[in-house]
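Data block for run-v1.cif (mmCIF, C-alpha atoms):
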data_upload
loop_
_atom_site.group_PDB
_atom_site.id
_atom_site.type_symbol
_atom_site.label_atom_id
_atom_site.label_comp_id
_atom_site.auth_asym_id
_atom_site.auth_seq_id
_atom_site.Cartn_x
_atom_site.Cartn_y
_atom_site.Cartn_z
ATOM 1 C CA MET A 174 -32.065 -2.384 -4.731
ATOM 2 C CA MET A 175 -31.631 -2.289 -0.981
ATOM 3 C CA LEU A 176 -28.102 -3.039 0.122
ATOM 4 C CA SER A 177 -26.954 -4.379 3.462
ATOM 5 C CA CYS A 178 -23.999 -2.746 5.224
ATOM 6 C CA LYS A 179 -21.928 -5.805 4.412
ATOM 7 C CA GLN A 180 -22.638 -5.398 0.699
ATOM 8 C CA VAL A 181 -21.987 -1.678 0.964
ATOM 9 C CA THR A 182 -18.514 -2.190 2.426
ATOM 10 C CA ARG A 183 -17.677 -4.447 -0.532
ATOM 11 C CA LEU A 184 -18.916 -1.888 -3.016
ATOM 12 C CA ILE A 185 -16.970 0.896 -1.307
ATOM 13 C CA SER A 186 -13.822 -1.179 -1.656
ATOM 14 C CA GLN A 187 -14.532 -2.080 -5.295
ATOM 15 C CA GLY A 188 -15.242 1.561 -6.023
ATOM 16 C CA GLU A 189 -11.573 2.251 -5.318
ATOM 17 C CA ASP A 190 -10.570 -0.185 -8.048
ATOM 18 C CA ARG A 191 -13.186 -0.001 -10.784
ATOM 19 C CA LYS A 192 -15.840 2.380 -11.998
ATOM 20 C CA LEU A 193 -19.087 1.388 -10.324
ATOM 21 C CA ALA A 194 -22.173 0.954 -12.479
ATOM 22 C CA PHE A 195 -24.791 3.679 -12.327
ATOM 23 C CA GLY A 196 -27.182 1.455 -10.365
ATOM 24 C CA GLU A 197 -24.472 0.633 -7.848
ATOM 25 C CA ARG A 198 -23.655 4.296 -7.301
ATOM 26 C CA VAL A 199 -27.307 5.159 -6.781
ATOM 27 C CA ALA A 200 -27.753 2.283 -4.346
ATOM 28 C CA LEU A 201 -24.685 3.431 -2.395
ATOM 29 C CA ARG A 202 -25.983 6.993 -2.168
ATOM 30 C CA LEU A 203 -29.351 5.831 -0.944
ATOM 31 C CA HIS A 204 -27.683 3.700 1.667
ATOM 32 C CA PHE A 205 -25.325 6.454 2.836
ATOM 33 C CA ALA A 206 -28.326 8.735 3.271
ATOM 34 C CA ILE A 207 -29.645 6.502 6.022
ATOM 35 C CA CYS A 208 -26.508 4.864 7.448
ATOM 36 C CA GLN A 209 -23.937 6.767 9.489
ATOM 37 C CA GLY A 210 -21.780 3.676 10.030
ATOM 38 C CA CYS A 211 -21.252 3.117 6.316
ATOM 39 C CA ARG A 212 -20.612 6.832 5.762
ATOM 40 C CA ASN A 213 -17.872 6.593 8.374
ATOM 41 C CA VAL A 214 -16.330 3.540 6.742
ATOM 42 C CA ASN A 215 -16.474 5.222 3.346
ATOM 43 C CA ALA A 216 -14.575 8.238 4.675
ATOM 44 C CA GLN A 217 -12.087 5.970 6.436
ATOM 45 C CA LEU A 218 -11.269 3.942 3.343
ATOM 46 C CA HIS A 219 -10.659 7.139 1.385
ATOM 47 C CA PHE A 220 -8.433 8.330 4.183
ATOM 48 C CA LEU A 221 -6.540 5.037 4.130
ATOM 49 C CA ARG A 222 -5.772 5.528 0.448
ATOM 50 C CA THR A 223 -4.381 9.011 1.085
ATOM 51 C CA ALA A 224 -2.343 7.813 4.043
ATOM 52 C CA VAL A 225 -0.750 4.931 2.150
ATOM 53 C CA LYS A 226 0.135 7.221 -0.755
ATOM 54 C CA ARG A 227 2.020 9.429 1.683
ATOM 55 C CA LEU A 228 3.822 6.592 3.355
ATOM 56 C CA SER A 229 7.009 7.302 1.422
ATOM 57 C CA GLU A 230 7.075 10.968 2.365
ATOM 58 C CA TYR A 231 7.979 10.387 5.960
ATOM 59 C CA GLY A 232 10.671 8.317 7.627
ATOM 60 C CA MET B 113 31.778 -4.381 -4.191
ATOM 61 C CA GLY B 114 33.097 -0.873 -3.815
ATOM 62 C CA ALA B 115 33.602 -1.395 -0.117
ATOM 63 C CA GLN B 116 37.219 -0.402 -0.360
ATOM 64 C CA GLU B 117 36.539 2.837 -2.167
ATOM 65 C CA THR B 118 36.712 5.944 -0.107
ATOM 66 C CA VAL B 119 34.301 8.773 -0.616
ATOM 67 C CA SER B 120 37.181 10.945 -1.711
ATOM 68 C CA SER B 121 37.828 8.804 -4.791
ATOM 69 C CA PRO B 122 34.592 8.554 -6.706
ATOM 70 C CA PRO B 123 34.631 6.252 -9.750
ATOM 71 C CA THR B 124 33.964 9.020 -12.235
ATOM 72 C CA PRO B 125 35.078 12.618 -12.125
ATOM 73 C CA LYS B 126 31.489 13.733 -12.781
ATOM 74 C CA MET B 127 30.209 12.283 -9.540
ATOM 75 C CA PRO B 128 30.806 14.519 -6.542
ATOM 76 C CA ALA B 129 31.535 12.591 -3.392
ATOM 77 C CA ASP B 130 28.724 14.257 -1.511
ATOM 78 C CA PHE B 131 26.079 13.037 -3.950
ATOM 79 C CA ARG B 132 27.222 9.500 -3.430
ATOM 80 C CA THR B 133 27.273 9.998 0.331
ATOM 81 C CA GLN B 134 23.809 11.500 0.345
ATOM 82 C CA VAL B 135 22.443 8.635 -1.725
ATOM 83 C CA GLU B 136 24.094 6.090 0.563
ATOM 84 C CA SER B 137 22.718 7.781 3.654
ATOM 85 C CA LEU B 138 19.201 7.042 2.435
ATOM 86 C CA ARG B 139 19.866 3.323 2.134
ATOM 87 C CA PRO B 140 18.300 2.339 5.505
ATOM 88 C CA TYR B 141 15.129 4.216 4.653
ATOM 89 C CA LEU B 142 14.947 2.657 1.181
ATOM 90 C CA LEU B 143 15.550 -0.799 2.590
ATOM 91 C CA ARG B 144 12.727 -0.449 5.069
ATOM 92 C CA TYR B 145 10.482 0.817 2.295
ATOM 93 C CA ALA B 146 11.312 -2.094 -0.019
ATOM 94 C CA THR B 147 11.013 -4.700 2.726
ATOM 95 C CA LEU B 148 7.549 -3.476 3.591
ATOM 96 C CA GLN B 149 6.407 -4.178 0.059
ATOM 97 C CA LEU B 150 8.408 -7.218 -0.947
ATOM 98 C CA ARG B 151 8.283 -9.068 2.378
ATOM 99 C CA ASP B 152 11.596 -10.659 1.642
ATOM 100 C CA PRO B 153 14.851 -9.183 2.959
ATOM 101 C CA ALA B 154 16.967 -10.605 0.134
ATOM 102 C CA SER B 155 14.754 -9.287 -2.673
ATOM 103 C CA ALA B 156 14.447 -5.975 -0.858
ATOM 104 C CA GLU B 157 18.221 -5.734 -0.603
ATOM 105 C CA ASP B 158 18.536 -6.486 -4.329
ATOM 106 C CA ALA B 159 15.934 -3.915 -5.302
ATOM 107 C CA VAL B 160 17.613 -1.243 -3.183
ATOM 108 C CA GLN B 161 21.023 -2.129 -4.578
ATOM 109 C CA GLU B 162 19.731 -1.806 -8.132
ATOM 110 C CA ALA B 163 17.984 1.447 -7.349
ATOM 111 C CA LEU B 164 21.132 2.940 -5.790
ATOM 112 C CA LEU B 165 23.202 1.832 -8.733
ATOM 113 C CA ALA B 166 20.712 3.323 -11.170
ATOM 114 C CA ALA B 167 20.661 6.510 -9.122
ATOM 115 C CA LEU B 168 24.427 6.860 -9.105
ATOM 116 C CA THR B 169 24.655 6.452 -12.861
ATOM 117 C CA ALA B 170 21.788 8.855 -13.432
ATOM 118 C CA GLU B 171 22.894 11.720 -11.269
ATOM 119 C CA ALA B 172 22.721 14.108 -14.212
ATOM 120 C CA SER B 173 19.002 13.470 -14.574
ATOM 121 C CA PHE B 174 18.487 14.328 -10.899
ATOM 122 C CA ALA B 175 20.212 17.700 -11.132
ATOM 123 C CA GLY B 176 18.191 19.862 -8.828
ATOM 124 C CA ARG B 177 14.856 18.167 -9.380
ATOM 125 C CA SER B 178 12.508 17.476 -6.438
ATOM 126 C CA ASN B 179 14.221 16.199 -3.349
ATOM 127 C CA LEU B 180 16.666 13.374 -3.314
ATOM 128 C CA ARG B 181 14.553 10.983 -1.267
ATOM 129 C CA THR B 182 11.477 11.434 -3.430
ATOM 130 C CA TRP B 183 13.578 10.904 -6.525
ATOM 131 C CA LEU B 184 15.240 7.774 -5.122
ATOM 132 C CA THR B 185 11.931 6.387 -3.920
ATOM 133 C CA GLY B 186 10.588 6.825 -7.438
ATOM 134 C CA ILE B 187 13.458 4.796 -8.862
ATOM 135 C CA LEU B 188 13.028 2.184 -6.151
ATOM 136 C CA LYS B 189 9.310 1.801 -6.921
ATOM 137 C CA HIS B 190 10.185 0.720 -10.450
ATOM 138 C CA LYS B 191 12.706 -1.778 -9.127
ATOM 139 C CA ILE B 192 10.107 -3.150 -6.723
ATOM 140 C CA VAL B 193 7.573 -3.607 -9.508
ATOM 141 C CA ASP B 194 10.282 -5.388 -11.529
ATOM 142 C CA ALA B 195 11.052 -7.648 -8.581
ATOM 143 C CA ILE B 196 7.379 -8.505 -8.103
ATOM 144 C CA ARG B 197 7.024 -9.360 -11.782
ATOM 145 C CA LYS B 198 10.144 -11.455 -11.752
ATOM 146 C CA ALA B 199 9.090 -13.313 -8.610
ATOM 147 C CA SER B 200 5.624 -14.033 -9.947
ATOM 148 C CA ARG B 201 7.157 -15.605 -13.038
ATOM 149 C CA GLU B 202 9.568 -17.727 -11.063
ATOM 150 C CA VAL B 203 7.321 -19.020 -8.327
ATOM 151 C CA PRO B 204 3.728 -19.609 -9.341
ATOM 152 C CA LEU B 205 1.624 -18.461 -6.427
ATOM 153 C CA ARG B 206 -0.954 -20.830 -5.147
ATOM 154 C CA GLY B 207 -4.533 -19.835 -5.775
ATOM 155 C CA ASP B 208 -5.597 -21.661 -2.686
ATOM 156 C CA GLU B 209 -7.312 -19.008 -0.657
ATOM 157 C CA GLY B 210 -10.968 -19.173 -1.549
ATOM 158 C CA ASP B 211 -13.487 -16.394 -1.497
ATOM 159 C CA ALA B 212 -14.854 -17.973 1.650
ATOM 160 C CA GLU B 213 -12.107 -16.174 3.542
ATOM 161 C CA ILE B 214 -13.899 -12.920 3.080
ATOM 162 C CA GLY B 215 -16.117 -14.387 5.788
ATOM 163 C CA GLU B 216 -13.495 -13.360 8.337
ATOM 164 C CA PHE B 217 -15.321 -10.046 8.598
ATOM 165 C CA ASP B 218 -18.775 -11.588 8.988
ATOM 166 C CA ALA B 219 -18.561 -11.097 12.726
ATOM 167 C CA LEU B 220 -18.855 -7.362 12.174
ATOM 168 C CA PHE B 221 -22.351 -7.834 10.781
ATOM 169 C CA ASN B 222 -25.576 -9.404 12.018
ATOM 170 C CA ASP B 223 -27.636 -11.934 10.048
ATOM 171 C CA ASN B 224 -29.241 -9.186 7.988
ATOM 172 C CA GLY B 225 -25.826 -7.858 6.993
ATOM 173 C CA HIS B 226 -26.095 -4.745 9.160
ATOM 174 C CA TRP B 227 -23.465 -3.548 11.604
ATOM 175 C CA GLN B 228 -23.356 -5.305 14.966
ATOM 176 C CA GLU B 229 -21.729 -2.179 16.266
ATOM 177 C CA ARG B 230 -21.798 0.969 14.178
ATOM 178 C CA PRO B 231 -18.276 2.006 13.120
ATOM 179 C CA PRO B 232 -17.468 5.261 14.896
ATOM 180 C CA ALA B 233 -16.145 8.310 13.058
ATOM 181 C CA TRP B 234 -12.414 8.860 13.497
ATOM 182 C CA ASP B 235 -11.214 11.854 15.373
ATOM 183 C CA ASN B 236 -9.034 14.233 13.375
ATOM 184 C CA PRO B 237 -7.677 11.979 10.620
ATOM 185 C CA ASP B 238 -6.076 14.963 8.871
ATOM 186 C CA GLY B 239 -4.068 15.642 12.000
ATOM 187 C CA ALA B 240 -2.833 12.051 11.953
ATOM 188 C CA LEU B 241 -1.318 12.648 8.521
ATOM 189 C CA GLN B 242 0.957 15.251 10.089
ATOM 190 C CA GLN B 243 2.384 12.834 12.611
ATOM 191 C CA LYS B 244 5.320 10.562 12.098
ATOM 192 C CA GLN B 245 4.042 8.146 14.744
ATOM 193 C CA PHE B 246 0.839 7.681 12.788
ATOM 194 C CA PHE B 247 2.784 6.405 9.804
ATOM 195 C CA ALA B 248 4.738 4.096 12.076
ATOM 196 C CA ALA B 249 1.404 2.682 13.297
ATOM 197 C CA LEU B 250 0.243 2.300 9.706
ATOM 198 C CA GLU B 251 3.435 0.430 8.820
ATOM 199 C CA GLU B 252 2.913 -1.845 11.774
ATOM 200 C CA CYS B 253 -0.642 -2.574 10.609
ATOM 201 C CA LEU B 254 0.635 -3.327 7.099
ATOM 202 C CA ARG B 255 3.163 -5.756 8.526
ATOM 203 C CA GLY B 256 0.339 -7.579 10.267
ATOM 204 C CA LEU B 257 -1.450 -8.426 7.014
ATOM 205 C CA PRO B 258 -1.045 -11.844 5.394
ATOM 206 C CA GLU B 259 1.718 -11.671 2.813
ATOM 207 C CA ARG B 260 -0.248 -11.846 -0.385
ATOM 208 C CA THR B 261 -2.966 -9.579 0.924
ATOM 209 C CA ALA B 262 -0.329 -6.990 1.748
ATOM 210 C CA ARG B 263 1.331 -7.289 -1.614
ATOM 211 C CA ALA B 264 -1.927 -6.890 -3.523
ATOM 212 C CA PHE B 265 -2.794 -3.863 -1.420
ATOM 213 C CA MET B 266 0.580 -2.159 -1.799
ATOM 214 C CA MET B 267 0.635 -2.822 -5.530
ATOM 215 C CA ARG B 268 -2.759 -1.183 -5.816
ATOM 216 C CA GLU B 269 -2.569 1.707 -3.380
ATOM 217 C CA HIS B 270 1.073 2.508 -3.211
ATOM 218 C CA LEU B 271 2.471 1.570 -6.594
ATOM 219 C CA GLY B 272 -0.793 2.492 -8.317
ATOM 220 C CA LEU B 273 -1.091 -0.614 -10.491
ATOM 221 C CA GLU B 274 -4.451 -1.534 -12.016
ATOM 222 C CA THR B 275 -6.238 -4.559 -10.583
ATOM 223 C CA GLY B 276 -5.945 -6.399 -13.916
ATOM 224 C CA GLU B 277 -2.200 -6.292 -13.637
ATOM 225 C CA ILE B 278 -2.196 -7.199 -9.944
ATOM 226 C CA CYS B 279 -4.286 -10.327 -10.615
ATOM 227 C CA LYS B 280 -1.900 -11.285 -13.358
ATOM 228 C CA GLU B 281 1.216 -10.752 -11.273
ATOM 229 C CA LEU B 282 -0.193 -12.652 -8.318
ATOM 230 C CA GLY B 283 -1.716 -15.344 -10.531
ATOM 231 C CA VAL B 284 -5.183 -15.033 -9.028
ATOM 232 C CA THR B 285 -8.666 -14.575 -10.513
ATOM 233 C CA PRO B 286 -10.155 -11.077 -10.711
ATOM 234 C CA THR B 287 -12.690 -12.041 -8.045
ATOM 235 C CA HIS B 288 -9.951 -13.142 -5.729
ATOM 236 C CA CYS B 289 -8.169 -9.885 -6.389
ATOM 237 C CA TRP B 290 -11.171 -7.904 -5.102
ATOM 238 C CA VAL B 291 -11.237 -10.176 -2.088
ATOM 239 C CA LEU B 292 -7.591 -9.523 -1.257
ATOM 240 C CA LEU B 293 -8.050 -5.773 -1.552
ATOM 241 C CA TYR B 294 -11.267 -5.808 0.451
ATOM 242 C CA ARG B 295 -9.633 -7.848 3.159
ATOM 243 C CA ALA B 296 -6.631 -5.544 3.306
ATOM 244 C CA ARG B 297 -8.764 -2.429 3.607
ATOM 245 C CA MET B 298 -11.098 -3.848 6.217
ATOM 246 C CA ALA B 299 -8.230 -5.223 8.269
ATOM 247 C CA LEU B 300 -6.258 -1.974 8.090
ATOM 248 C CA ARG B 301 -9.330 0.004 9.058
ATOM 249 C CA LEU B 302 -9.797 -2.107 12.164
ATOM 250 C CA CYS B 303 -6.093 -2.057 12.982
ATOM 251 C CA LEU B 304 -5.811 1.726 12.730
ATOM 252 C CA GLU B 305 -8.957 2.146 14.751
ATOM 253 C CA ALA B 306 -7.618 -0.054 17.531
ATOM 254 C CA ASN B 307 -4.032 1.196 17.478
ATOM 255 C CA TRP B 308 -4.390 4.835 16.691
ATOM 256 C CA PHE B 309 -7.824 6.372 16.699
ATOM 257 C CA ARG B 310 -8.991 4.788 19.935
ATOM 258 C CA LYS B 311 -5.795 5.454 21.824
#
Serialized structure, structure tokens:
Amino acid sequence: MMLSCKQVTRLISQGEDRKLAFGERVALRLHFAICQGCRNVNAQLHFLRTAVKRLSEYG
Amino acid sequence: MGAQETVSSPPTPKMPADFRTQVESLRPYLLRYATLQLRDPASAEDAVQEALLAALTAEASFAGRSNLRTWLTGILKHKIVDAIRKASREVPLRGDEGDAEIGEFDALFNDNGHWQERPPAWDNPDGALQQKQFFAALEECLRGLPERTARAFMMREHLGLETGEICKELGVTPTHCWVLLYRARMALRLCLEANWFRK
């Protein structure tokens, strides 16, 4: 299964909310191996989660 | 209520005046926190009021644990979840936003679904987490989200609710729930990139 970057961004987001199927995880890995842009977005969405969790610690 | 009381005459002998004062001093922070998530000043005010009341009657259970703000924020989170549940029962939310709206990010991709412009890596995100101004920028980005999108996102990421529950509270289908969360994340990513990481 070859994913487009658009599909990958949706899977990255869903991966934060549900356990991805084995096939989906494999497809993501394959895509990340060849796509720097999606690797960046993946890291950024993880970062966003951390940042929002810490929102109440400052202020 | 209680406006006439002075700090030197607490309602119960077990409550030291300074605890009450400390709790009160955190009210502005708590109000800002609640408003960000509830998007409604009146409900936010209610939630904070209830949290403060609960805190003042539960001082014994605080007794030296964690820090006061963390403890109060924890109480407030529960009140916020209660408020969201109550609101979703009272006013049925419209399920009018279709999945088509996910198309708002189509411009980022070409016809084959690949990036028009490859998203750049962010410079020193860990450093951003040490800066108060970064969190102010994040708050500003959150405020810019459509109301329901923001609520779904905060329920998921900040309050840690499962998507099943979020769909139920917001009265939307599971698919629409994914859409709201996807939209929030993509929009916040772009907002932070524009307002923080490219500055």
### Query
Leaving out A:Glu189 and any residue of its chain fewer than 2 positions from it, which residues lie within 9 Å of it when counting only C-alpha atoms, given as a PyMOL selection string?
chain A and resi 184-187+191-192+218-219+222
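Residues matched by the PyMOL selection byres ((chain A) within 7 of (chain B)) in this structure: Ser177, Cys178, Lys179, Arg183, Ser186, Gln187, Asp190, Gly210, Asn213, Val214, Leu218, Arg222, Ala224, Val225, Lys226, Leu228, Tyr231 and Gly232 of chain A.
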### Task
Could you tell me which residues the PyMOL selection byres ((chain B and resi 150-159) around 10) grabs in this file, written as a ChimeraX atom specification?
/B:139,142-149,160-165,187-196,199,255,259-260,262-263,266
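You can rank A:His204, A:Gly196, A:Thr182, A:Glu230 by their closest distance to A:Gln217 using all atoms listed in the file, and at the top of that list sits A:Thr182.
In this model, the gap between atom CA of B:Leu292 and atom CA of A:Gln209 comes to 25.5 Å.
Distances here use all atoms listed in the file; by that measure, the residue among B:Arg197, B:Cys303, B:Asn179, B:Ala166 closest to B:Glu277 is B:Arg197.
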### Query
Can you tell me how far atom CA of B:Arg132 sits from atom CA of B:Leu168, in Å to one decimal?
6.9 Å
What box, with edges along x, y and z, holds each listed atom of stretch 222-227 of chain B when 5 Å is added on every side, and can you state its centre and edge lengths in Å to one decimal, as lines of an AutoDock Vina configuration file?
center_x = -26.4
center_y = -7.7
center_z = 9.5
size_x = 15.8
size_y = 18.4
size_z = 15.0
### Query
In Å to one decimal, how far is atom CA of B:Ala264 from atom CA of A:Gln180?
21.2 Å
Care to translate the PyMOL selection byres ((chain A and resi 197-200) around 8) into actual residues of this file, as a PDB file with C-alpha atoms, in the frame of the given file?
ATOM      1  CA  MET A 174     -32.065  -2.384  -4.731  1.00  0.00           C
ATOM      2  CA  MET A 175     -31.631  -2.289  -0.981  1.00  0.00           C
ATOM      3  CA  LEU A 176     -28.102  -3.039   0.122  1.00  0.00           C
ATOM      4  CA  LEU A 184     -18.916  -1.888  -3.016  1.00  0.00           C
ATOM      5  CA  LEU A 193     -19.087   1.388 -10.324  1.00  0.00           C
ATOM      6  CA  ALA A 194     -22.173   0.954 -12.479  1.00  0.00           C
ATOM      7  CA  PHE A 195     -24.791   3.679 -12.327  1.00  0.00           C
ATOM      8  CA  GLY A 196     -27.182   1.455 -10.365  1.00  0.00           C
ATOM      9  CA  LEU A 201     -24.685   3.431  -2.395  1.00  0.00           C
ATOM     10  CA  ARG A 202     -25.983   6.993  -2.168  1.00  0.00           C
ATOM     11  CA  LEU A 203     -29.351   5.831  -0.944  1.00  0.00           C
ATOM     12  CA  HIS A 204     -27.683   3.700   1.667  1.00  0.00           C
TER      13      HIS A 204
END
Add whatever atoms are absent from stretch 273-293 of chain B to reach N, CA and C atoms, and provide the output as an mmCIF file, in the coordinates of the input.
data_model
loop_
_atom_site.group_PDB
_atom_site.id
_atom_site.type_symbol
_atom_site.label_atom_id
_atom_site.label_comp_id
_atom_site.auth_asym_id
_atom_site.auth_seq_id
_atom_site.Cartn_x
_atom_site.Cartn_y
_atom_site.Cartn_z
ATOM 1 N N LEU B 273 -0.807 0.289 -9.375
ATOM 2 C CA LEU B 273 -1.091 -0.614 -10.491
ATOM 3 C C LEU B 273 -2.596 -0.867 -10.596
ATOM 4 N N GLU B 274 -3.038 -1.207 -11.812
ATOM 5 C CA GLU B 274 -4.451 -1.534 -12.016
ATOM 6 C C GLU B 274 -4.705 -2.958 -11.522
ATOM 7 N N THR B 275 -5.956 -3.226 -11.130
ATOM 8 C CA THR B 275 -6.238 -4.559 -10.583
ATOM 9 C C THR B 275 -5.963 -5.666 -11.601
ATOM 10 N N GLY B 276 -6.213 -5.388 -12.892
ATOM 11 C CA GLY B 276 -5.945 -6.399 -13.916
ATOM 12 C C GLY B 276 -4.508 -6.888 -13.837
ATOM 13 N N GLU B 277 -3.612 -5.933 -13.694
ATOM 14 C CA GLU B 277 -2.200 -6.292 -13.637
ATOM 15 C C GLU B 277 -1.855 -7.011 -12.333
ATOM 16 N N ILE B 278 -2.461 -6.569 -11.241
ATOM 17 C CA ILE B 278 -2.196 -7.199 -9.944
ATOM 18 C C ILE B 278 -2.617 -8.672 -9.966
ATOM 19 N N CYS B 279 -3.809 -8.938 -10.527
ATOM 20 C CA CYS B 279 -4.286 -10.327 -10.615
ATOM 21 C C CYS B 279 -3.286 -11.152 -11.392
ATOM 22 N N LYS B 280 -2.819 -10.568 -12.492
ATOM 23 C CA LYS B 280 -1.900 -11.285 -13.358
ATOM 24 C C LYS B 280 -0.599 -11.586 -12.624
ATOM 25 N N GLU B 281 -0.057 -10.562 -11.973
ATOM 26 C CA GLU B 281 1.216 -10.752 -11.273
ATOM 27 C C GLU B 281 1.097 -11.770 -10.149
ATOM 28 N N LEU B 282 -0.032 -11.740 -9.457
ATOM 29 C CA LEU B 282 -0.193 -12.652 -8.318
ATOM 30 C C LEU B 282 -0.762 -13.996 -8.757
ATOM 31 N N GLY B 283 -1.160 -14.091 -10.030
ATOM 32 C CA GLY B 283 -1.716 -15.344 -10.531
ATOM 33 C C GLY B 283 -3.033 -15.724 -9.873
ATOM 34 N N VAL B 284 -3.883 -14.734 -9.634
ATOM 35 C CA VAL B 284 -5.183 -15.033 -9.028
ATOM 36 C C VAL B 284 -6.301 -14.526 -9.938
ATOM 37 N N THR B 285 -7.516 -15.010 -9.718
ATOM 38 C CA THR B 285 -8.666 -14.575 -10.513
ATOM 39 C C THR B 285 -9.045 -13.151 -10.131
ATOM 40 N N PRO B 286 -9.720 -12.435 -11.042
ATOM 41 C CA PRO B 286 -10.155 -11.077 -10.711
ATOM 42 C C PRO B 286 -10.995 -11.030 -9.442
ATOM 43 N N THR B 287 -11.863 -12.021 -9.256
ATOM 44 C CA THR B 287 -12.690 -12.041 -8.045
ATOM 45 C C THR B 287 -11.816 -12.123 -6.807
ATOM 46 N N HIS B 288 -10.814 -12.986 -6.889
ATOM 47 C CA HIS B 288 -9.951 -13.142 -5.729
ATOM 48 C C HIS B 288 -9.165 -11.865 -5.453
ATOM 49 N N CYS B 289 -8.861 -11.156 -6.516
ATOM 50 C CA CYS B 289 -8.169 -9.885 -6.389
ATOM 51 C C CYS B 289 -8.999 -8.883 -5.572
ATOM 52 N N TRP B 290 -10.288 -8.781 -5.878
ATOM 53 C CA TRP B 290 -11.171 -7.904 -5.102
ATOM 54 C C TRP B 290 -11.174 -8.327 -3.653
ATOM 55 N N VAL B 291 -11.187 -9.659 -3.459
ATOM 56 C CA VAL B 291 -11.237 -10.176 -2.088
ATOM 57 C C VAL B 291 -9.999 -9.761 -1.308
ATOM 58 N N LEU B 292 -8.838 -9.899 -1.937
ATOM 59 C CA LEU B 292 -7.591 -9.523 -1.257
ATOM 60 C C LEU B 292 -7.607 -8.043 -0.874
ATOM 61 N N LEU B 293 -8.059 -7.213 -1.815
ATOM 62 C CA LEU B 293 -8.050 -5.773 -1.552
ATOM 63 C C LEU B 293 -9.074 -5.405 -0.485
#
